[in-house]
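Visitor: What follows is structure_26.cif, mmCIF, C-alpha atoms.
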```
data_upload
loop_
_atom_site.label_atom_id
_atom_site.label_comp_id
_atom_site.auth_asym_id
_atom_site.auth_seq_id
_atom_site.Cartn_x
_atom_site.Cartn_y
_atom_site.Cartn_z
CA MET W 1 5.72 0.91 -12.04
CA TYR W 2 3.30 0.13 -9.24
CA SER W 3 3.02 2.87 -6.68
CA PHE W 4 1.02 3.25 -3.47
CA PRO W 5 -0.29 6.81 -3.61
CA LYS W 6 0.73 9.03 -0.72
CA CYS W 7 -2.82 10.30 -0.26
CA VAL W 8 -4.00 6.74 0.49
CA LEU W 9 -1.46 6.27 3.26
CA LEU W 10 -2.09 9.67 4.79
CA ALA W 11 -5.85 9.20 4.72
CA LEU W 12 -5.52 5.73 6.23
CA LEU W 13 -3.36 6.93 9.10
CA SER W 14 -5.32 10.08 9.82
CA CYS W 15 -8.91 9.35 8.83
CA ALA W 16 -8.85 12.99 7.70
CA PRO W 17 -11.28 14.33 5.07
CA LEU W 18 -10.14 13.61 1.53
CA SER W 19 -10.15 17.34 0.73
CA ALA W 20 -7.64 17.93 3.52
CA ILE W 21 -5.43 15.13 2.21
CA ALA W 22 -5.50 16.55 -1.28
CA GLN W 23 -4.52 19.99 0.02
CA SER W 24 -1.67 18.47 2.03
CA ASP W 25 -0.50 16.61 -1.07
CA ALA W 26 -0.32 19.85 -3.03
CA ALA W 27 1.45 21.88 -0.37
CA PRO W 28 4.91 23.26 -1.17
CA MET W 29 7.71 21.09 0.16
CA SER W 30 10.96 22.15 1.75
CA PRO W 31 14.22 20.27 1.23
CA ASN W 32 14.66 16.96 3.01
CA SER W 33 17.66 15.64 4.95
CA PRO W 34 20.25 13.15 3.71
CA LEU W 35 20.01 9.52 4.74
CA ASP W 36 21.52 8.58 8.06
CA PRO W 37 23.72 5.52 7.35
CA VAL W 38 23.00 3.86 10.70
CA ALA W 39 19.23 4.43 10.55
CA THR W 40 19.14 3.39 6.90
CA ALA W 41 20.95 0.15 7.64
CA ALA W 42 18.51 -0.64 10.46
CA THR W 43 15.50 0.14 8.27
CA LYS W 44 16.84 -1.92 5.39
CA ALA W 45 17.50 -4.87 7.71
CA LYS W 46 13.92 -4.68 8.99
CA LEU W 47 12.45 -4.48 5.51
CA THR W 48 14.74 -7.22 4.25
CA GLU W 49 13.52 -9.54 6.99
CA LEU W 50 9.89 -8.84 6.06
CA ARG W 51 10.60 -9.18 2.34
CA ASP W 52 12.43 -12.48 2.81
CA ALA W 53 9.61 -13.90 4.95
CA PHE W 54 7.05 -12.86 2.33
CA VAL W 55 9.08 -14.24 -0.57
CA GLN W 56 9.84 -17.53 1.16
CA GLN W 57 6.20 -18.10 2.03
CA ALA W 58 5.04 -17.01 -1.43
CA LYS W 59 7.42 -19.33 -3.25
CA SER W 60 6.46 -22.23 -0.99
CA ALA W 61 2.81 -21.76 -2.02
CA GLY W 62 3.49 -23.76 -5.16
CA ALA W 63 3.23 -21.32 -8.04
CA GLY W 64 6.30 -20.63 -10.09
CA CYS W 65 8.07 -17.28 -9.99
CA SER W 66 10.07 -15.95 -12.91
CA LEU W 67 11.79 -13.23 -10.87
CA ASP W 68 14.49 -13.14 -8.24
CA THR W 69 13.81 -11.69 -4.83
CA PRO W 70 13.25 -7.96 -5.37
CA ARG W 71 16.02 -5.57 -4.43
CA ILE W 72 15.21 -3.02 -1.72
CA GLU W 73 16.27 0.58 -2.21
CA ILE W 74 15.81 3.23 0.48
CA THR W 75 15.25 6.42 -1.43
CA ASP W 76 13.02 9.48 -1.71
CA VAL W 77 9.75 8.10 -3.11
CA PRO W 78 6.89 10.63 -3.43
CA SER W 79 4.35 7.84 -2.86
CA PHE W 80 6.42 6.42 0.07
CA GLY W 81 6.77 3.10 -1.74
CA ASN W 82 6.59 1.50 -5.18
CA TYR W 83 7.60 -1.63 -7.06
CA ASP W 84 9.44 -1.25 -10.38
CA PRO W 85 9.16 -4.46 -12.44
CA ALA W 86 11.73 -3.25 -14.98
CA SER W 87 14.51 -3.31 -12.37
CA ASN W 88 12.78 -5.70 -9.93
CA THR W 89 13.21 -3.12 -7.20
CA LEU W 90 11.12 -2.17 -4.19
CA ARG W 91 11.71 1.51 -3.48
CA ILE W 92 10.75 2.62 0.01
CA SER W 93 11.12 6.00 1.66
CA ALA W 94 12.59 6.74 5.09
CA TRP W 95 11.68 9.13 7.87
CA SER W 96 14.80 11.20 7.34
CA LEU W 97 13.91 11.67 3.67
CA LEU W 98 10.52 13.20 4.35
CA LYS W 99 10.24 16.88 3.62
CA ALA W 100 9.27 19.30 6.37
CA ASP W 101 5.59 19.50 5.40
CA GLN W 102 5.32 15.73 5.21
CA LYS W 103 6.80 15.34 8.67
CA LYS W 104 4.50 18.03 10.01
CA PHE W 105 1.55 15.96 8.87
CA PHE W 106 2.79 12.89 10.78
CA PHE W 107 3.32 15.00 13.89
CA HIS W 108 -0.35 15.98 13.57
CA LEU W 109 -1.37 12.33 13.25
CA ALA W 110 0.64 11.37 16.32
CA GLY W 111 -1.42 13.68 18.50
CA PRO W 112 -0.92 16.76 20.68
CA ASP W 113 2.60 17.34 21.99
CA ALA W 114 3.97 14.47 19.88
CA ASP W 115 7.73 14.29 19.65
CA ASP W 116 9.83 13.14 16.71
CA GLU W 117 9.81 9.54 17.92
CA ALA W 118 6.00 9.40 18.07
CA ALA W 119 5.59 10.89 14.60
CA HIS W 120 8.25 8.53 13.28
CA ARG W 121 6.32 5.54 14.65
CA VAL W 122 3.17 6.62 12.78
CA PHE W 123 5.13 6.81 9.53
CA ASP W 124 6.75 3.42 10.11
CA ARG W 125 3.45 1.72 10.87
CA GLY W 126 1.87 2.61 7.55
CA THR W 127 4.91 2.47 5.29
CA TYR W 128 6.72 -0.55 6.71
CA SER W 129 3.65 -2.71 7.21
CA TRP W 130 0.89 -2.08 4.69
CA VAL W 131 2.66 -0.24 1.86
CA ILE W 132 5.58 -2.62 1.50
CA VAL W 133 3.42 -5.77 1.62
CA HIS W 134 0.99 -4.26 -0.91
CA GLU W 135 3.97 -3.59 -3.21
CA LEU W 136 5.31 -7.12 -2.60
CA GLY W 137 1.92 -8.25 -3.88
CA HIS W 138 2.71 -6.40 -7.10
CA TRP W 139 6.10 -8.17 -7.20
CA TRP W 140 4.29 -11.49 -7.00
CA GLN W 141 1.99 -10.43 -9.83
CA ALA W 142 5.04 -9.56 -11.93
CA CYS W 143 6.39 -13.05 -11.19
CA ASN W 144 3.43 -14.63 -12.90
CA ALA W 145 2.75 -13.85 -16.54
CA SER W 146 -0.83 -15.01 -16.11
CA THR W 147 -1.65 -11.83 -14.19
CA GLN W 148 -0.30 -9.40 -16.75
CA ASN W 149 -3.59 -9.12 -18.67
CA ASN W 150 -5.60 -8.31 -15.57
CA SER W 151 -7.46 -5.02 -15.47
CA HIS W 152 -6.20 -2.13 -13.35
CA TYR W 153 -8.90 -2.83 -10.79
CA GLN W 154 -8.16 -6.55 -10.61
CA HIS W 155 -4.45 -5.80 -10.30
CA GLU W 156 -4.92 -3.45 -7.35
CA TYR W 157 -7.66 -5.55 -5.76
CA ASP W 158 -5.50 -8.66 -5.74
CA ALA W 159 -2.48 -6.80 -4.35
CA ASN W 160 -4.69 -5.67 -1.46
CA ARG W 161 -6.06 -9.19 -1.12
CA ILE W 162 -2.54 -10.58 -0.85
CA ALA W 163 -1.55 -7.95 1.73
CA ALA W 164 -4.67 -8.58 3.81
CA ALA W 165 -4.16 -12.35 3.72
CA TYR W 166 -0.51 -11.97 4.73
CA TRP W 167 -1.28 -9.84 7.78
CA ARG W 168 -4.31 -11.97 8.67
CA GLU W 169 -1.88 -14.84 9.22
CA HIS W 170 1.05 -12.86 10.67
CA ASN W 171 -0.59 -10.02 12.64
CA PRO W 172 -4.40 -10.13 12.64
CA THR W 173 -4.62 -7.23 15.10
CA LEU W 174 -2.71 -4.99 12.70
CA LEU W 175 -5.03 -6.01 9.88
CA GLN W 176 -8.09 -5.20 11.99
CA GLU W 177 -6.70 -1.76 12.82
CA LEU W 178 -5.83 -0.99 9.21
CA THR W 179 -9.21 -2.23 7.98
CA ALA W 180 -10.96 -0.04 10.55
CA GLY W 181 -9.08 2.96 9.16
CA PHE W 182 -10.08 2.13 5.59
CA THR W 183 -13.70 1.57 6.70
CA HIS W 184 -13.70 5.03 8.30
CA ILE W 185 -12.48 6.51 5.02
CA LEU W 186 -15.10 4.64 3.00
CA ASN W 187 -17.94 5.70 5.29
CA GLY W 188 -16.84 9.34 5.30
CA ALA W 189 -16.54 9.90 1.56
CA PRO W 190 -19.15 9.91 -1.22
CA ASN W 191 -19.13 7.14 -3.81
CA PRO W 192 -17.41 8.67 -6.88
CA VAL W 193 -18.84 6.11 -9.33
CA PRO W 194 -21.54 7.74 -11.49
CA PRO W 195 -25.00 6.12 -11.50
CA GLY W 196 -25.35 3.37 -14.08
CA GLN W 197 -21.62 2.53 -14.17
CA THR W 198 -19.96 -0.42 -12.47
CA LEU W 199 -17.19 0.05 -9.96
CA GLU W 200 -14.60 -1.91 -11.94
CA ASP W 201 -15.40 -0.43 -15.34
CA TYR W 202 -15.29 3.16 -14.09
CA PHE W 203 -11.97 2.55 -12.32
CA ASN W 204 -10.41 0.89 -15.37
CA VAL W 205 -11.52 3.53 -17.86
CA ASN W 206 -10.45 6.44 -15.62
CA TYR W 207 -7.44 4.83 -13.95
CA GLU W 208 -4.79 7.36 -14.99
CA ALA W 209 -6.84 10.32 -13.78
CA LEU W 210 -8.03 8.58 -10.61
CA ALA W 211 -4.52 7.50 -9.59
CA HIS W 212 -3.60 11.15 -9.00
CA SER W 213 -6.80 12.23 -7.31
CA ALA W 214 -8.32 12.05 -3.85
CA HIS W 215 -10.98 9.70 -5.25
CA TYR W 216 -8.31 7.00 -5.48
CA VAL W 217 -8.46 6.77 -1.68
CA TRP W 218 -12.11 5.73 -1.87
CA PHE W 219 -11.37 2.94 -4.34
CA GLN W 220 -8.47 1.60 -2.28
CA ALA W 221 -10.64 1.73 0.84
CA ARG W 222 -13.43 -0.13 -0.95
CA MET W 223 -11.01 -2.81 -2.12
CA VAL W 224 -9.54 -3.35 1.35
CA THR W 225 -12.90 -3.52 3.08
CA ASP W 226 -14.12 -5.96 0.43
CA VAL W 227 -11.12 -8.28 0.74
CA SER W 228 -11.31 -8.10 4.53
CA ALA W 229 -14.98 -9.10 4.45
CA GLU W 230 -14.51 -12.24 2.35
CA ASP W 231 -16.05 -15.26 4.07
CA PRO W 232 -14.34 -17.60 4.32
CA PRO W 233 -11.24 -15.42 4.16
CA PRO W 234 -8.58 -16.63 1.75
CA THR W 235 -5.36 -18.00 3.13
CA PHE W 236 -2.18 -16.31 2.02
CA ALA W 237 -1.53 -19.19 -0.38
CA ASP W 238 -5.05 -18.89 -1.82
CA ALA W 239 -4.63 -15.14 -2.32
CA LEU W 240 -1.37 -15.74 -4.17
CA LEU W 241 -2.56 -18.59 -6.35
CA HIS W 242 -6.07 -17.52 -7.29
CA SER W 243 -7.50 -14.29 -8.63
CA SER W 244 -10.39 -13.02 -6.58
CA THR W 245 -13.89 -14.01 -7.65
CA LYS W 246 -15.58 -11.84 -5.03
CA MET W 247 -15.03 -8.38 -6.44
CA LYS W 248 -18.13 -6.20 -6.11
#
```
Would you mind writing the structure in this file as structure tokens?
Guide:
Amino acid sequence: MYSFPKCVLLALLSCAPLSAIAQSDAAPMSPNSPLDPVATAATKAKLTELRDAFVQQAKSAGAGCSLDTPRIEITDVPSFGNYDPASNTLRISAWSLLKADQKKFFFHLAGPDADDEAAHRVFDRGTYSWVIVHELGHWWQACNASTQNNSHYQHEYDANRIAAAYWREHNPTLLQELTAGFTHILNGAPNPVPPGQTLEDYFNVNYEALAHSAHYVWFQARMVTDVSAEDPPPTFADALLHSSTKMK
């Protein structure tokens, strides 16, 4: 299962220190609220429209796809979003499903005197733009058996590359804003790769431990800034059809 860690999204939206994100991740959570049928239907319609646009454009790129369009499930996902290849399902969270401490964090991100609507918008921006398209990138990878032997780093790098290429064509301003957030994260955190080791090798060897640590934020930020800096930038079709050769 491919999951977008919660600490990455929170760090991206807040530009907060990684130590603060890690502490927020570990904080005790209070019970969440049930799904509101009306709000859930509206969210699912919005995500379905984005999913269908992505899938249609991806399939028109020319490469074959062995999977149907992924099913969308609105449910409580600790990482806010993930793709499960076994069931071909994109699982995405919803504002009403966030626990009290999670919502409190988004109120903080929305600024002083933020109301529920403002905090909700911050959540939507990260989850329903970057996270879902990143996970759709993992769906596309699952479509193509040729990607299954890729390393963990290549797998994540290319999902970010696909997401960046998609938003570059559909909403370049959004991509610029998201890249600026990742750049802020990268510049504000120390490089966790020990001297004498390569970025990719260290990530691959330590993937399981890194995926649950604050250091994972640094690697995701590095990947996004690298894919955003490619010159010339890949088109969405190029990102789908070709593995990156510009990893650093």
Visitor: Hey, which of W:Ala189, W:Glu117, W:Gly126, W:Gly62 ends up closest to Ala214 of chain W? Count only C-alpha atoms.
Guide: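 Ranked by minimum distance to Ala214 of chain W, first place goes to W:Ala189.
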Visitor: Which one of W:Cys143, W:Ala45, W:Ala53, W:Val227 sits closest to Pro85 of chain W if you count all atoms listed in the file?
Guide: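 Using all atoms listed in the file, Pro85 of chain W sits closest to W:Cys143.
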Visitor: Go through W:Asn144, W:Asn191, W:His215, W:Glu200 and flag the residue nearest Lys59 of chain W, using only C-alpha atoms for the distances.
Guide: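 Comparing W:Asn144, W:Asn191, W:His215, W:Glu200 against Lys59 of chain W, the winner is W:Asn144.
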Visitor: Can you translate the PyMOL selection byres ((chain W and resi 140) around 9) into the concrete residues it hits in this file, as an NGL selection string?
Guide: :W and (55 or 58 or 65 or 67 or 135-139 or 141-144 or 159 or 240)
Visitor: Would you pick out the contacts of Ala164 of chain W at 12 Å or less, using only C-alpha atoms, so that residues sharing its chain but fewer than 5 positions from it are not included, and give the list as a ChimeraX atom specification?
Guide: /W:129-131,133-134,136-137,157-159,169-179,223-230,233-240
Visitor: I'd like to know which of W:Phe107, W:Tyr128, W:Tyr153, W:Trp218 is closest to Thr198 of chain W, using all atoms listed in the file.
Guide: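 Nearest to Thr198 of chain W: W:Tyr153.
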Visitor: Check the smallest atom-to-atom distance from each of W:Thr127, W:Thr40, W:Thr183, W:Gln56 to Val77 of chain W using all atoms listed in the file, then report the winner.
Guide: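 Distance minimum relative to Val77 of chain W lands on W:Thr127.
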Visitor: I need the residue set behind the PyMOL selection byres ((chain W and resi 187) around 12) for this file; please write it as a list in words.
Guide: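 That selection, the PyMOL selection byres ((chain W and resi 187) around 12), comes back as Cys15, Ala16, Pro17, Leu18, Ala180, Gly181, Phe182, Thr183, His184, Ile185, Leu186, Gly188, Ala189, Pro190, Asn191, Val217, Trp218, Phe219, Ala221, Arg222 and Thr225 of chain W.
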Visitor: So, counting all atoms listed in the file, which residue among W:Lys46, W:Ser96, W:Ala118, W:Ile132 is closest to Tyr83 of chain W?
Guide: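 Distance minimum relative to Tyr83 of chain W lands on W:Ile132.
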Visitor: With the file shown as input, list the residues that the PyMOL selection byres ((chain W and resi 94) around 9) selects, as a PDB file with C-alpha atoms, in the coordinates of the input.
Guide:
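Writing the result to part-v8.pdb gives the following:
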```pdb
ATOM      1  CA  LEU W  35      20.010   9.520   4.740  1.00  0.00           C
ATOM      2  CA  ALA W  39      19.230   4.430  10.550  1.00  0.00           C
ATOM      3  CA  THR W  40      19.140   3.390   6.900  1.00  0.00           C
ATOM      4  CA  THR W  43      15.500   0.140   8.270  1.00  0.00           C
ATOM      5  CA  ILE W  74      15.810   3.230   0.480  1.00  0.00           C
ATOM      6  CA  THR W  75      15.250   6.420  -1.430  1.00  0.00           C
ATOM      7  CA  ASP W  76      13.020   9.480  -1.710  1.00  0.00           C
ATOM      8  CA  VAL W  77       9.750   8.100  -3.110  1.00  0.00           C
ATOM      9  CA  PHE W  80       6.420   6.420   0.070  1.00  0.00           C
ATOM     10  CA  ILE W  92      10.750   2.620   0.010  1.00  0.00           C
ATOM     11  CA  SER W  93      11.120   6.000   1.660  1.00  0.00           C
ATOM     12  CA  TRP W  95      11.680   9.130   7.870  1.00  0.00           C
ATOM     13  CA  SER W  96      14.800  11.200   7.340  1.00  0.00           C
ATOM     14  CA  LEU W  97      13.910  11.670   3.670  1.00  0.00           C
ATOM     15  CA  LEU W  98      10.520  13.200   4.350  1.00  0.00           C
ATOM     16  CA  PHE W 123       5.130   6.810   9.530  1.00  0.00           C
ATOM     17  CA  ASP W 124       6.750   3.420  10.110  1.00  0.00           C
ATOM     18  CA  THR W 127       4.910   2.470   5.290  1.00  0.00           C
TER      19      THR W 127
END
```
Visitor: Which centre and which edge lengths, in Å to one decimal, describe the axis-aligned box that holds all listed atoms of segment 166-170 of chain W after 8 Å is added on each side, as AutoDock Vina command-line options?
Guide:
```
--center_x -1.6 --center_y -12.3 --center_z 7.7 --size_x 21.4 --size_y 21.0 --size_z 21.9
```
Visitor: Separation of atom CA of Ala114 of chain W and atom CA of Lys99 of chain W, in Å?
Guide: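 For atom CA of Ala114 of chain W relative to atom CA of Lys99 of chain W, the distance reads 17.6 Å.
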Visitor: Please complete segment 166-182 of chain W so it has N, CA, C and O atoms, and hand it over as a PDB file, in the frame of the given file.
Guide:
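New file result_7.pdb:
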```
ATOM      1  N   TYR W 166      -1.806 -11.836   4.051  1.00  0.00           N
ATOM      2  CA  TYR W 166      -0.510 -11.970   4.730  1.00  0.00           C
ATOM      3  C   TYR W 166      -0.622 -11.532   6.185  1.00  0.00           C
ATOM      4  O   TYR W 166      -0.207 -12.250   7.106  1.00  0.00           O
ATOM      5  N   TRP W 167      -1.208 -10.344   6.401  1.00  0.00           N
ATOM      6  CA  TRP W 167      -1.280  -9.840   7.780  1.00  0.00           C
ATOM      7  C   TRP W 167      -2.331 -10.583   8.597  1.00  0.00           C
ATOM      8  O   TRP W 167      -2.215 -10.673   9.819  1.00  0.00           O
ATOM      9  N   ARG W 168      -3.330 -11.157   7.942  1.00  0.00           N
ATOM     10  CA  ARG W 168      -4.310 -11.970   8.670  1.00  0.00           C
ATOM     11  C   ARG W 168      -3.617 -13.154   9.349  1.00  0.00           C
ATOM     12  O   ARG W 168      -3.983 -13.572  10.447  1.00  0.00           O
ATOM     13  N   GLU W 169      -2.601 -13.690   8.677  1.00  0.00           N
ATOM     14  CA  GLU W 169      -1.880 -14.840   9.220  1.00  0.00           C
ATOM     15  C   GLU W 169      -0.734 -14.423  10.144  1.00  0.00           C
ATOM     16  O   GLU W 169      -0.394 -15.147  11.072  1.00  0.00           O
ATOM     17  N   HIS W 170      -0.145 -13.254   9.927  1.00  0.00           N
ATOM     18  CA  HIS W 170       1.050 -12.860  10.670  1.00  0.00           C
ATOM     19  C   HIS W 170       0.767 -11.851  11.782  1.00  0.00           C
ATOM     20  O   HIS W 170       1.507 -11.802  12.769  1.00  0.00           O
ATOM     21  N   ASN W 171      -0.265 -11.020  11.611  1.00  0.00           N
ATOM     22  CA  ASN W 171      -0.590 -10.020  12.640  1.00  0.00           C
ATOM     23  C   ASN W 171      -2.038  -9.598  12.445  1.00  0.00           C
ATOM     24  O   ASN W 171      -2.317  -8.518  11.915  1.00  0.00           O
ATOM     25  N   PRO W 172      -2.990 -10.445  12.867  1.00  0.00           N
ATOM     26  CA  PRO W 172      -4.400 -10.130  12.640  1.00  0.00           C
ATOM     27  C   PRO W 172      -4.855  -8.837  13.308  1.00  0.00           C
ATOM     28  O   PRO W 172      -5.753  -8.162  12.806  1.00  0.00           O
ATOM     29  N   THR W 173      -4.243  -8.491  14.436  1.00  0.00           N
ATOM     30  CA  THR W 173      -4.620  -7.230  15.100  1.00  0.00           C
ATOM     31  C   THR W 173      -4.273  -6.035  14.227  1.00  0.00           C
ATOM     32  O   THR W 173      -5.065  -5.091  14.106  1.00  0.00           O
ATOM     33  N   LEU W 174      -3.102  -6.072  13.618  1.00  0.00           N
ATOM     34  CA  LEU W 174      -2.710  -4.990  12.700  1.00  0.00           C
ATOM     35  C   LEU W 174      -3.695  -4.898  11.546  1.00  0.00           C
ATOM     36  O   LEU W 174      -4.119  -3.794  11.168  1.00  0.00           O
ATOM     37  N   LEU W 175      -4.083  -6.040  10.981  1.00  0.00           N
ATOM     38  CA  LEU W 175      -5.030  -6.010   9.880  1.00  0.00           C
ATOM     39  C   LEU W 175      -6.353  -5.406  10.313  1.00  0.00           C
ATOM     40  O   LEU W 175      -6.955  -4.606   9.584  1.00  0.00           O
ATOM     41  N   GLN W 176      -6.829  -5.753  11.492  1.00  0.00           N
ATOM     42  CA  GLN W 176      -8.090  -5.200  11.990  1.00  0.00           C
ATOM     43  C   GLN W 176      -7.998  -3.689  12.135  1.00  0.00           C
ATOM     44  O   GLN W 176      -8.937  -2.959  11.782  1.00  0.00           O
ATOM     45  N   GLU W 177      -6.873  -3.196  12.640  1.00  0.00           N
ATOM     46  CA  GLU W 177      -6.700  -1.760  12.820  1.00  0.00           C
ATOM     47  C   GLU W 177      -6.652  -1.038  11.476  1.00  0.00           C
ATOM     48  O   GLU W 177      -7.258   0.028  11.297  1.00  0.00           O
ATOM     49  N   LEU W 178      -5.923  -1.609  10.524  1.00  0.00           N
ATOM     50  CA  LEU W 178      -5.830  -0.990   9.210  1.00  0.00           C
ATOM     51  C   LEU W 178      -7.172  -1.015   8.492  1.00  0.00           C
ATOM     52  O   LEU W 178      -7.582  -0.032   7.863  1.00  0.00           O
ATOM     53  N   THR W 179      -7.898  -2.137   8.615  1.00  0.00           N
ATOM     54  CA  THR W 179      -9.210  -2.230   7.980  1.00  0.00           C
ATOM     55  C   THR W 179     -10.183  -1.233   8.585  1.00  0.00           C
ATOM     56  O   THR W 179     -11.000  -0.622   7.872  1.00  0.00           O
ATOM     57  N   ALA W 180     -10.097  -1.031   9.892  1.00  0.00           N
ATOM     58  CA  ALA W 180     -10.960  -0.040  10.550  1.00  0.00           C
ATOM     59  C   ALA W 180     -10.686   1.352   9.991  1.00  0.00           C
ATOM     60  O   ALA W 180     -11.614   2.155   9.787  1.00  0.00           O
ATOM     61  N   GLY W 181      -9.417   1.668   9.734  1.00  0.00           N
ATOM     62  CA  GLY W 181      -9.080   2.960   9.160  1.00  0.00           C
ATOM     63  C   GLY W 181      -9.648   3.118   7.756  1.00  0.00           C
ATOM     64  O   GLY W 181     -10.206   4.170   7.407  1.00  0.00           O
ATOM     65  N   PHE W 182      -9.529   2.074   6.936  1.00  0.00           N
ATOM     66  CA  PHE W 182     -10.080   2.130   5.590  1.00  0.00           C
ATOM     67  C   PHE W 182     -11.612   2.218   5.624  1.00  0.00           C
ATOM     68  O   PHE W 182     -12.219   2.907   4.801  1.00  0.00           O
TER      69      PHE W 182
END
```
